[in-house]
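Peer 1: Following this line is work28.tsv, made up of TSV, C-alpha atoms and all ligand atoms:
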chain	number	residue	atom	x	y	z
D	1	MET	CA	72.24	111.19	85.75
D	2	GLU	CA	69.55	108.81	86.90
D	3	VAL	CA	66.76	108.67	84.31
D	4	VAL	CA	64.58	106.10	86.05
D	5	LYS	CA	64.23	105.14	89.68
D	6	THR	CA	61.59	102.87	91.15
D	7	GLU	CA	61.50	102.33	94.89
D	8	ASN	CA	59.53	99.42	96.35
D	9	VAL	CA	57.01	99.71	93.57
D	10	THR	CA	53.95	97.50	93.74
D	11	ARG	CA	50.97	97.25	91.42
D	12	ILE	CA	47.90	95.30	92.35
D	13	TYR	CA	45.20	94.89	89.70
D	14	ARG	CA	41.68	94.28	90.95
D	15	VAL	CA	39.16	92.76	88.59
D	16	GLY	CA	35.94	91.85	90.38
D	17	ASP	CA	37.03	89.80	93.39
D	18	VAL	CA	40.32	88.80	91.86
D	19	GLU	CA	43.53	90.56	92.86
D	20	THR	CA	46.75	90.16	90.91
D	21	ASN	CA	50.02	91.28	92.45
D	22	ALA	CA	51.66	92.21	89.16
D	23	LEU	CA	54.62	93.93	90.87
D	24	ARG	CA	55.66	93.09	94.43
D	25	GLY	CA	58.32	95.65	95.33
D	26	VAL	CA	60.51	96.57	92.40
D	27	ASN	CA	63.69	98.60	92.91
D	28	LEU	CA	65.30	99.66	89.67
D	29	SER	CA	67.71	102.45	88.83
D	30	ILE	CA	68.62	103.32	85.25
D	31	GLN	CA	71.31	105.81	84.34
D	32	SER	CA	71.33	108.08	81.32
D	33	GLY	CA	72.57	106.35	78.16
D	34	GLU	CA	71.79	102.79	79.20
D	35	PHE	CA	70.53	100.17	76.73
D	36	THR	CA	68.73	97.74	78.97
D	37	ALA	CA	66.55	94.69	78.34
D	38	LEU	CA	63.77	93.75	80.72
D	39	ILE	CA	63.12	90.04	80.40
D	40	GLY	CA	61.03	87.40	82.14
D	41	PRO	CA	58.21	85.00	81.38
D	42	SER	CA	54.83	86.12	80.15
D	43	GLY	CA	52.88	87.56	83.09
D	44	SER	CA	56.00	88.46	85.09
D	45	GLY	CA	55.13	92.17	85.10
D	46	LYS	CA	57.24	93.64	82.28
D	47	THR	CA	54.47	95.62	80.63
D	48	THR	CA	53.14	96.79	83.98
D	49	LEU	CA	56.57	98.12	84.96
D	50	LEU	CA	57.03	99.91	81.63
D	51	GLN	CA	53.59	101.50	82.02
D	52	LEU	CA	54.46	102.80	85.48
D	53	ILE	CA	57.81	104.17	84.34
D	54	GLY	CA	56.09	105.62	81.25
D	55	CYS	CA	53.53	107.48	83.38
D	56	LEU	CA	50.70	105.58	81.71
D	57	ASP	CA	49.67	104.02	85.02
D	58	MET	CA	50.23	104.64	88.74
D	59	PRO	CA	51.73	102.28	91.32
D	60	THR	CA	49.66	100.86	94.18
D	61	SER	CA	52.54	101.75	96.50
D	62	GLY	CA	56.14	102.87	96.22
D	63	ARG	CA	57.74	105.71	94.32
D	64	VAL	CA	58.59	106.28	90.66
D	65	THR	CA	61.05	108.99	89.58
D	66	VAL	CA	61.62	109.86	85.93
D	67	ASN	CA	64.32	112.24	84.82
D	68	GLY	CA	64.72	113.51	88.37
D	69	LYS	CA	61.02	114.16	88.87
D	70	ASP	CA	58.78	112.28	91.30
D	71	VAL	CA	55.88	111.16	89.08
D	72	THR	CA	54.20	108.85	91.59
D	73	ASN	CA	51.18	110.93	92.43
D	74	LEU	CA	50.80	113.21	89.46
D	75	ASN	CA	47.36	113.69	87.99
D	76	ARG	CA	46.39	112.70	84.46
D	77	ASN	CA	47.38	116.01	82.84
D	78	GLN	CA	50.68	116.23	84.67
D	79	ARG	CA	51.54	112.70	83.60
D	80	ALA	CA	50.66	113.55	80.00
D	81	ASP	CA	53.04	116.51	80.22
D	82	ILE	CA	55.89	114.31	81.48
D	83	ARG	CA	55.27	111.87	78.63
D	84	ALA	CA	55.22	114.61	76.01
D	85	GLU	CA	58.46	116.15	77.36
D	86	SER	CA	60.56	113.20	78.36
D	87	ILE	CA	59.37	109.81	77.15
D	88	GLY	CA	59.12	108.09	73.77
D	89	PHE	CA	57.19	104.85	73.30
D	90	VAL	CA	57.62	101.96	70.90
D	91	PHE	CA	54.92	99.30	71.05
D	92	GLN	CA	54.64	95.73	69.85
D	93	PHE	CA	52.04	96.66	67.24
D	94	PHE	CA	53.69	99.58	65.61
D	95	ALA	CA	50.84	101.98	66.45
D	96	LEU	CA	51.48	104.30	63.55
D	97	ILE	CA	48.58	106.38	62.26
D	98	PRO	CA	47.53	104.47	59.12
D	99	THR	CA	46.33	107.46	57.10
D	100	LEU	CA	49.53	109.46	57.61
D	101	THR	CA	52.81	109.02	55.74
D	102	ALA	CA	56.06	108.02	57.46
D	103	TYR	CA	57.04	111.69	57.40
D	104	GLU	CA	53.77	112.81	58.97
D	105	ASN	CA	53.85	110.12	61.66
D	106	ILE	CA	57.32	111.22	62.73
D	107	GLU	CA	56.27	114.88	62.58
D	108	MET	CA	53.19	114.39	64.81
D	109	PRO	CA	54.89	114.73	68.24
D	110	LEU	CA	56.73	117.81	66.96
D	111	LEU	CA	53.43	119.36	65.88
D	112	LEU	CA	51.96	118.60	69.30
D	113	ALA	CA	55.02	120.20	70.91
D	114	GLY	CA	54.40	123.37	68.90
D	115	LYS	CA	57.61	123.29	66.84
D	116	SER	CA	57.80	125.61	63.84
D	117	SER	CA	57.46	124.13	60.37
D	118	SER	CA	61.13	124.67	59.56
D	119	GLU	CA	62.23	123.03	62.82
D	120	ARG	CA	59.89	120.12	62.09
D	121	ALA	CA	61.14	119.68	58.54
D	122	GLU	CA	64.76	119.66	59.63
D	123	ARG	CA	64.19	117.21	62.47
D	124	VAL	CA	62.07	114.79	60.43
D	125	LYS	CA	64.66	114.78	57.64
D	126	GLN	CA	67.40	113.98	60.15
D	127	LEU	CA	65.33	111.20	61.74
D	128	LEU	CA	64.47	109.64	58.36
D	129	GLU	CA	68.18	109.50	57.61
D	130	TRP	CA	68.98	108.00	61.00
D	131	ILE	CA	66.51	105.16	60.38
D	132	ASP	CA	67.74	104.70	56.79
D	133	LEU	CA	64.38	105.53	55.23
D	134	PRO	CA	64.81	108.92	53.52
D	135	ASP	CA	63.32	107.45	50.34
D	136	ARG	CA	60.16	106.27	52.12
D	137	ALA	CA	59.09	109.64	53.54
D	138	ASN	CA	55.84	109.67	51.58
D	139	TYR	CA	54.86	106.04	52.13
D	140	ARG	CA	51.95	105.13	54.36
D	141	PRO	CA	52.39	102.36	56.97
D	142	ASP	CA	50.60	99.78	54.79
D	143	GLN	CA	53.18	100.46	52.07
D	144	LEU	CA	56.10	99.67	54.41
D	145	SER	CA	57.47	96.37	55.72
D	146	GLY	CA	57.01	95.58	59.41
D	147	GLY	CA	60.63	96.43	60.12
D	148	GLN	CA	60.32	99.73	58.27
D	149	GLN	CA	57.14	100.56	60.18
D	150	GLN	CA	58.85	99.83	63.48
D	151	ARG	CA	61.82	102.00	62.50
D	152	VAL	CA	59.36	104.82	61.79
D	153	ALA	CA	57.89	104.19	65.25
D	154	VAL	CA	61.39	104.45	66.75
D	155	ALA	CA	61.97	107.74	64.89
D	156	ARG	CA	58.64	109.07	66.11
D	157	ALA	CA	59.56	108.11	69.68
D	158	LEU	CA	62.87	109.95	69.33
D	159	ALA	CA	61.44	113.05	67.62
D	160	ILE	CA	61.04	115.19	70.74
D	161	ASN	CA	64.50	114.23	72.00
D	162	PRO	CA	63.18	112.38	75.03
D	163	ALA	CA	65.35	111.38	77.98
D	164	LEU	CA	64.00	107.86	77.73
D	165	ILE	CA	62.54	105.51	75.13
D	166	LEU	CA	60.43	102.62	76.40
D	167	ALA	CA	59.83	99.73	74.02
D	168	ASP	CA	57.47	96.86	74.80
D	169	GLU	CA	58.29	93.73	72.77
D	170	PRO	CA	59.42	95.87	69.81
D	171	THR	CA	60.32	92.89	67.62
D	172	ALA	CA	57.60	90.44	68.62
D	173	ASN	CA	55.81	90.76	65.30
D	174	LEU	CA	58.89	90.84	63.10
D	175	ASP	CA	60.88	88.15	61.36
D	176	THR	CA	64.62	87.86	62.01
D	177	PRO	CA	65.92	90.30	59.36
D	178	ASN	CA	63.31	92.93	60.21
D	179	GLY	CA	63.88	92.48	63.94
D	180	ARG	CA	67.59	92.89	63.40
D	181	GLN	CA	67.09	96.11	61.43
D	182	VAL	CA	65.03	97.58	64.26
D	183	MET	CA	67.56	96.58	66.91
D	184	ASP	CA	70.44	97.90	64.79
D	185	VAL	CA	68.68	101.25	64.48
D	186	MET	CA	67.95	101.42	68.22
D	187	THR	CA	71.57	100.54	69.02
D	188	ARG	CA	72.89	103.19	66.67
D	189	LEU	CA	70.54	105.88	67.99
D	190	ASN	CA	71.55	105.01	71.55
D	191	LYS	CA	75.22	105.43	70.64
D	192	GLU	CA	74.81	108.57	68.55
D	193	THR	CA	72.28	110.50	70.62
D	194	GLY	CA	72.83	108.99	74.07
D	195	VAL	CA	69.09	108.44	74.49
D	196	THR	CA	68.32	105.87	77.17
D	197	PHE	CA	66.50	102.72	76.02
D	198	LEU	CA	64.57	100.28	78.19
D	199	PHE	CA	62.92	97.46	76.29
D	200	ALA	CA	60.87	94.50	77.41
D	201	THR	CA	61.38	91.34	75.40
D	202	HIS	CA	61.52	87.60	75.55
D	203	ASP	CA	63.21	87.36	72.16
D	204	PRO	CA	66.75	85.94	72.60
D	205	ARG	CA	67.83	87.68	69.39
D	206	VAL	CA	66.96	91.00	71.05
D	207	ILE	CA	68.43	90.22	74.45
D	208	GLN	CA	71.88	89.85	72.93
D	209	TYR	CA	71.84	93.53	71.95
D	210	ALA	CA	71.45	94.65	75.57
D	211	ARG	CA	74.27	95.92	77.73
D	212	ARG	CA	72.30	95.19	80.88
D	213	VAL	CA	69.67	92.54	81.41
D	214	VAL	CA	67.11	92.83	84.20
D	215	THR	CA	65.03	89.71	84.86
D	216	LEU	CA	61.54	89.87	86.35
D	217	GLN	CA	59.76	86.87	87.79
D	218	ASP	CA	56.38	86.96	89.54
D	219	GLY	CA	56.62	90.72	89.90
D	220	LEU	CA	60.11	90.85	91.40
D	221	ILE	CA	63.56	91.49	89.97
D	222	ILE	CA	65.43	88.22	90.42
D	223	LYS	CA	68.52	89.04	88.39
D	224	ASP	CA	70.24	92.20	87.18
D	225	GLU	CA	73.44	91.79	85.21
D	226	LEU	CA	75.78	93.69	82.94
D	227	VAL	CA	76.60	91.96	79.68
D	228	GLU	CA	80.10	91.68	78.30
D	229	LYS	CA	79.97	93.37	74.88
D	230	SER	CA	81.59	91.33	72.17
D	231	ALA	CA	80.48	90.45	68.66
D	232	VAL	CA	76.97	91.85	68.84
D	233	GLY	CA	75.74	93.25	65.55
D	234	ALA	CA	78.83	92.00	63.73
B	301	LIG	N1	44.88	95.71	83.14
B	301	LIG	C1	45.03	94.60	83.86
B	301	LIG	N2	44.03	94.16	84.66
B	301	LIG	C2	44.17	93.04	85.40
B	301	LIG	N3	45.27	92.28	85.43
B	301	LIG	C3	46.30	92.66	84.65
B	301	LIG	C4	46.23	93.83	83.82
B	301	LIG	N4	47.40	93.95	83.15
B	301	LIG	C5	48.16	92.91	83.53
B	301	LIG	N5	47.51	92.13	84.43
B	301	LIG	C6	48.05	90.94	85.10
B	301	LIG	O1	49.27	91.32	85.74
B	301	LIG	C7	50.28	90.33	85.57
B	301	LIG	C8	51.48	90.94	84.87
B	301	LIG	O2	51.12	91.26	83.55
B	301	LIG	P1	52.08	92.02	82.53
B	301	LIG	O3	52.66	93.20	83.21
B	301	LIG	O4	51.31	92.26	81.29
B	301	LIG	O5	53.23	90.94	82.30
B	301	LIG	P2	54.22	90.70	81.05
B	301	LIG	O6	54.27	91.96	80.25
B	301	LIG	O7	55.52	90.33	81.68
B	301	LIG	O8	53.66	89.56	80.27
B	301	LIG	C9	49.62	89.21	84.80
B	301	LIG	O9	49.18	88.23	85.71
B	301	LIG	C10	48.45	89.88	84.12
B	301	LIG	O10	47.40	88.97	83.92
B	302	MG	MG	53.92	92.36	78.24
Take the structure in the file and give it back as structure tokens.

Peer 2:
Amino acid sequence: MEVVKTENVTRIYRVGDVETNALRGVNLSIQSGEFTALIGPSGSGKTTLLQLIGCLDMPTSGRVTVNGKDVTNLNRNQRADIRAESIGFVFQFFALIPTLTAYENIEMPLLLAGKSSSERAERVKQLLEWIDLPDRANYRPDQLSGGQQQRVAVARALAINPALILADEPTANLDTPNGRQVMDVMTRLNKETGVTFLFATHDPRVIQYARRVVTLQDGLIIKDELVEKSAVGA
């Protein structure tokens, strides 16, 4: 099943008199279960593309399909619905709610989705185990390491069982061991749950986890290759 499809997608930003062609006609198809890195220099359009796929922004022209649904011209509320149903986000700055515990941060999307308290408890417990943090359930973000915070963010993204998780530079603010922990968790969740991951990065340590690497340059895909899997994570 095709989880993401972009067809001739462009995005022009206008600020005053200045126009920036952030995307110039991007065609990308991502199948269910993929673990794909989006790479390219700063300013090449990675974040813009993730925002379009994530229904946080709309293309200037072209078509975006997510999970079989044309999301190109949806209004604000309809896009919010697609996000709540189908898409999890992991950001560079972990974006956890500072006053809530790890448990409560992971529970939040389930609360918003109207899940019962027993369903929530069971799901959060399972997610805390998946990210290897069952003993940190009651810690607040400022009591966790950066890698632990980002793992909580990954669990929160996965809570609603989305078709797709989008991650924008998920390890940019982490040192090597913490970055590795986050990538190990994402890899394991991809294998165990089949959730599709698309992550933007320019971190070579992260790129080596990918099974497919898509390269953007000046708003165009210039390379799209499958990676031979060998000793990654060993
Ligand atoms: N909100 C915005 N308003 C105006 N220009 C933007 C905006 N966001 C990004 N851009 C411009 O679009 C281009 C692509 O940016 P971006 O998608 O953030 O690239 P990347 O994530 O690869 O660094 C850059 O030239 C950037 O300056
Ligand atoms: Mg970016």

Peer 1: Extract, using all atoms listed in the file, all DNA, RNA and protein residues at most 9 Å from stretch 38-44 of chain D, discarding same-chain residues fewer than 5 positions from it, and format them as a list in words.

Peer 2: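 Selected residues are Ala22, Leu23, Leu198, Phe199, Ala200, Thr201, His202, Asp203, Ile207, Arg212, Val213, Val214, Thr215, Leu216, Gln217, Asp218, Gly219 and Leu220 of chain D.
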
Peer 1: Env of stretch 152-161 of chain D: 6 Å cut, atoms = all atoms listed in the file, seq-sep filter 3 positions within chain, self excluded. Answer as an NGL selection string.

Peer 2: :D and (88-89 or 106 or 127 or 149)

Peer 1: Can you spit out the residues from that selection as a compact mmCIF listing (two decimals), in the frame of the given file, using C-alpha atoms?

Peer 2:
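For reference, selection_20.txt as written:
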# COMPACT_ATOMS: atom_id res chain seq x y z
CA GLY D 88 59.12 108.09 73.77
CA PHE D 89 57.19 104.85 73.30
CA ILE D 106 57.32 111.22 62.73
CA LEU D 127 65.33 111.20 61.74
CA GLN D 149 57.14 100.56 60.18

Peer 1: Go ahead and compute the interatomic distance for atom O9 of ligand LIG 301 (chain B) and atom CA of D:Val206, in Å to one decimal.

Peer 2: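 Calculated distance between atom O9 of ligand LIG 301 (chain B) and atom CA of D:Val206 is 23.2 Å.
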
Peer 1: Using only C-alpha atoms, pick whichever of D:Glu7, D:Gly25, D:Pro98, D:Thr36 has the shortest atom-to-atom distance to D:Val64.

Peer 2: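 Using only C-alpha atoms, D:Val64 sits closest to D:Glu7.
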
Peer 1: Pick from D:Pro59, D:Gly146, D:Gly194, D:Gly114: nearest to D:Leu74, with all atoms listed in the file counted?

Peer 2: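 Closest residue, counting all atoms listed in the file: D:Pro59.
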
Peer 1: Box for ligand LIG 301 (chain B) - axis-aligned, 5 Å on each of the six sides, all listed atoms - centre and size in Å to one decimal, as AutoDock Vina command-line options.

Peer 2:
--center_x 49.8 --center_y 92.0 --center_z 83.0 --size_x 21.5 --size_y 17.5 --size_z 15.5

Peer 1: May I ask you to restore N, CA and C atoms in stretch 106-140 of chain D and write the result as a PDB file, in the coordinates of the input?

Peer 2:
ATOM      1  N   ILE D 106      56.163 110.773  61.948  1.00  0.00           N
ATOM      2  CA  ILE D 106      57.320 111.220  62.730  1.00  0.00           C
ATOM      3  C   ILE D 106      57.136 112.681  63.163  1.00  0.00           C
ATOM      4  N   GLU D 107      56.463 113.449  62.308  1.00  0.00           N
ATOM      5  CA  GLU D 107      56.270 114.880  62.580  1.00  0.00           C
ATOM      6  C   GLU D 107      55.251 115.126  63.706  1.00  0.00           C
ATOM      7  N   MET D 108      54.334 114.163  63.908  1.00  0.00           N
ATOM      8  CA  MET D 108      53.190 114.390  64.810  1.00  0.00           C
ATOM      9  C   MET D 108      53.602 114.893  66.207  1.00  0.00           C
ATOM     10  N   PRO D 109      54.542 114.217  66.898  1.00  0.00           N
ATOM     11  CA  PRO D 109      54.890 114.730  68.240  1.00  0.00           C
ATOM     12  C   PRO D 109      55.509 116.122  68.203  1.00  0.00           C
ATOM     13  N   LEU D 110      56.132 116.478  67.087  1.00  0.00           N
ATOM     14  CA  LEU D 110      56.730 117.810  66.960  1.00  0.00           C
ATOM     15  C   LEU D 110      55.637 118.861  66.776  1.00  0.00           C
ATOM     16  N   LEU D 111      54.591 118.484  66.022  1.00  0.00           N
ATOM     17  CA  LEU D 111      53.430 119.360  65.880  1.00  0.00           C
ATOM     18  C   LEU D 111      52.785 119.587  67.241  1.00  0.00           C
ATOM     19  N   LEU D 112      52.602 118.493  67.987  1.00  0.00           N
ATOM     20  CA  LEU D 112      51.960 118.600  69.300  1.00  0.00           C
ATOM     21  C   LEU D 112      52.803 119.445  70.247  1.00  0.00           C
ATOM     22  N   ALA D 113      54.131 119.419  70.049  1.00  0.00           N
ATOM     23  CA  ALA D 113      55.020 120.200  70.910  1.00  0.00           C
ATOM     24  C   ALA D 113      55.138 121.654  70.438  1.00  0.00           C
ATOM     25  N   GLY D 114      54.419 121.988  69.356  1.00  0.00           N
ATOM     26  CA  GLY D 114      54.400 123.370  68.900  1.00  0.00           C
ATOM     27  C   GLY D 114      55.644 123.834  68.171  1.00  0.00           C
ATOM     28  N   LYS D 115      56.399 122.905  67.588  1.00  0.00           N
ATOM     29  CA  LYS D 115      57.610 123.290  66.840  1.00  0.00           C
ATOM     30  C   LYS D 115      57.230 123.972  65.520  1.00  0.00           C
ATOM     31  N   SER D 116      58.063 124.898  65.091  1.00  0.00           N
ATOM     32  CA  SER D 116      57.800 125.610  63.840  1.00  0.00           C
ATOM     33  C   SER D 116      57.963 124.653  62.662  1.00  0.00           C
ATOM     34  N   SER D 117      57.413 125.051  61.505  1.00  0.00           N
ATOM     35  CA  SER D 117      57.460 124.130  60.370  1.00  0.00           C
ATOM     36  C   SER D 117      58.886 123.895  59.896  1.00  0.00           C
ATOM     37  N   SER D 118      59.750 124.899  59.995  1.00  0.00           N
ATOM     38  CA  SER D 118      61.130 124.670  59.560  1.00  0.00           C
ATOM     39  C   SER D 118      61.873 123.760  60.534  1.00  0.00           C
ATOM     40  N   GLU D 119      61.628 123.940  61.830  1.00  0.00           N
ATOM     41  CA  GLU D 119      62.230 123.030  62.820  1.00  0.00           C
ATOM     42  C   GLU D 119      61.750 121.601  62.584  1.00  0.00           C
ATOM     43  N   ARG D 120      60.459 121.466  62.305  1.00  0.00           N
ATOM     44  CA  ARG D 120      59.890 120.120  62.090  1.00  0.00           C
ATOM     45  C   ARG D 120      60.532 119.475  60.868  1.00  0.00           C
ATOM     46  N   ALA D 121      60.612 120.240  59.787  1.00  0.00           N
ATOM     47  CA  ALA D 121      61.140 119.680  58.540  1.00  0.00           C
ATOM     48  C   ALA D 121      62.576 119.204  58.730  1.00  0.00           C
ATOM     49  N   GLU D 122      63.360 120.010  59.434  1.00  0.00           N
ATOM     50  CA  GLU D 122      64.760 119.660  59.630  1.00  0.00           C
ATOM     51  C   GLU D 122      64.901 118.405  60.493  1.00  0.00           C
ATOM     52  N   ARG D 123      64.114 118.353  61.548  1.00  0.00           N
ATOM     53  CA  ARG D 123      64.190 117.210  62.470  1.00  0.00           C
ATOM     54  C   ARG D 123      63.703 115.926  61.796  1.00  0.00           C
ATOM     55  N   VAL D 124      62.601 116.003  61.063  1.00  0.00           N
ATOM     56  CA  VAL D 124      62.070 114.790  60.430  1.00  0.00           C
ATOM     57  C   VAL D 124      63.060 114.270  59.389  1.00  0.00           C
ATOM     58  N   LYS D 125      63.670 115.187  58.641  1.00  0.00           N
ATOM     59  CA  LYS D 125      64.660 114.780  57.640  1.00  0.00           C
ATOM     60  C   LYS D 125      65.814 114.036  58.310  1.00  0.00           C
ATOM     61  N   GLN D 126      66.304 114.607  59.423  1.00  0.00           N
ATOM     62  CA  GLN D 126      67.400 113.980  60.150  1.00  0.00           C
ATOM     63  C   GLN D 126      66.994 112.588  60.662  1.00  0.00           C
ATOM     64  N   LEU D 127      65.790 112.486  61.195  1.00  0.00           N
ATOM     65  CA  LEU D 127      65.330 111.200  61.740  1.00  0.00           C
ATOM     66  C   LEU D 127      65.160 110.165  60.634  1.00  0.00           C
ATOM     67  N   LEU D 128      64.630 110.590  59.486  1.00  0.00           N
ATOM     68  CA  LEU D 128      64.470 109.640  58.360  1.00  0.00           C
ATOM     69  C   LEU D 128      65.825 109.120  57.904  1.00  0.00           C
ATOM     70  N   GLU D 129      66.835 109.968  57.969  1.00  0.00           N
ATOM     71  CA  GLU D 129      68.180 109.500  57.610  1.00  0.00           C
ATOM     72  C   GLU D 129      68.722 108.539  58.653  1.00  0.00           C
ATOM     73  N   TRP D 130      68.488 108.870  59.929  1.00  0.00           N
ATOM     74  CA  TRP D 130      68.980 108.000  61.000  1.00  0.00           C
ATOM     75  C   TRP D 130      68.406 106.587  60.888  1.00  0.00           C
ATOM     76  N   ILE D 131      67.128 106.495  60.466  1.00  0.00           N
ATOM     77  CA  ILE D 131      66.510 105.160  60.380  1.00  0.00           C
ATOM     78  C   ILE D 131      66.641 104.571  58.972  1.00  0.00           C
ATOM     79  N   ASP D 132      67.466 105.215  58.140  1.00  0.00           N
ATOM     80  CA  ASP D 132      67.740 104.700  56.790  1.00  0.00           C
ATOM     81  C   ASP D 132      66.495 104.615  55.912  1.00  0.00           C
ATOM     82  N   LEU D 133      65.582 105.565  56.077  1.00  0.00           N
ATOM     83  CA  LEU D 133      64.380 105.530  55.230  1.00  0.00           C
ATOM     84  C   LEU D 133      64.081 106.860  54.539  1.00  0.00           C
ATOM     85  N   PRO D 134      65.114 107.626  54.141  1.00  0.00           N
ATOM     86  CA  PRO D 134      64.810 108.920  53.520  1.00  0.00           C
ATOM     87  C   PRO D 134      63.959 108.768  52.259  1.00  0.00           C
ATOM     88  N   ASP D 135      64.078 107.628  51.591  1.00  0.00           N
ATOM     89  CA  ASP D 135      63.320 107.450  50.340  1.00  0.00           C
ATOM     90  C   ASP D 135      61.901 106.938  50.572  1.00  0.00           C
ATOM     91  N   ARG D 136      61.513 106.755  51.840  1.00  0.00           N
ATOM     92  CA  ARG D 136      60.160 106.270  52.120  1.00  0.00           C
ATOM     93  C   ARG D 136      59.311 107.318  52.834  1.00  0.00           C
ATOM     94  N   ALA D 137      59.762 108.559  52.799  1.00  0.00           N
ATOM     95  CA  ALA D 137      59.090 109.640  53.540  1.00  0.00           C
ATOM     96  C   ALA D 137      57.593 109.696  53.228  1.00  0.00           C
ATOM     97  N   ASN D 138      57.237 109.471  51.972  1.00  0.00           N
ATOM     98  CA  ASN D 138      55.840 109.670  51.580  1.00  0.00           C
ATOM     99  C   ASN D 138      55.026 108.385  51.530  1.00  0.00           C
ATOM    100  N   TYR D 139      55.594 107.311  52.083  1.00  0.00           N
ATOM    101  CA  TYR D 139      54.860 106.040  52.130  1.00  0.00           C
ATOM    102  C   TYR D 139      53.986 105.989  53.366  1.00  0.00           C
ATOM    103  N   ARG D 140      52.804 105.384  53.205  1.00  0.00           N
ATOM    104  CA  ARG D 140      51.950 105.130  54.360  1.00  0.00           C
ATOM    105  C   ARG D 140      52.375 103.812  55.009  1.00  0.00           C
TER     106      ARG D 140
END
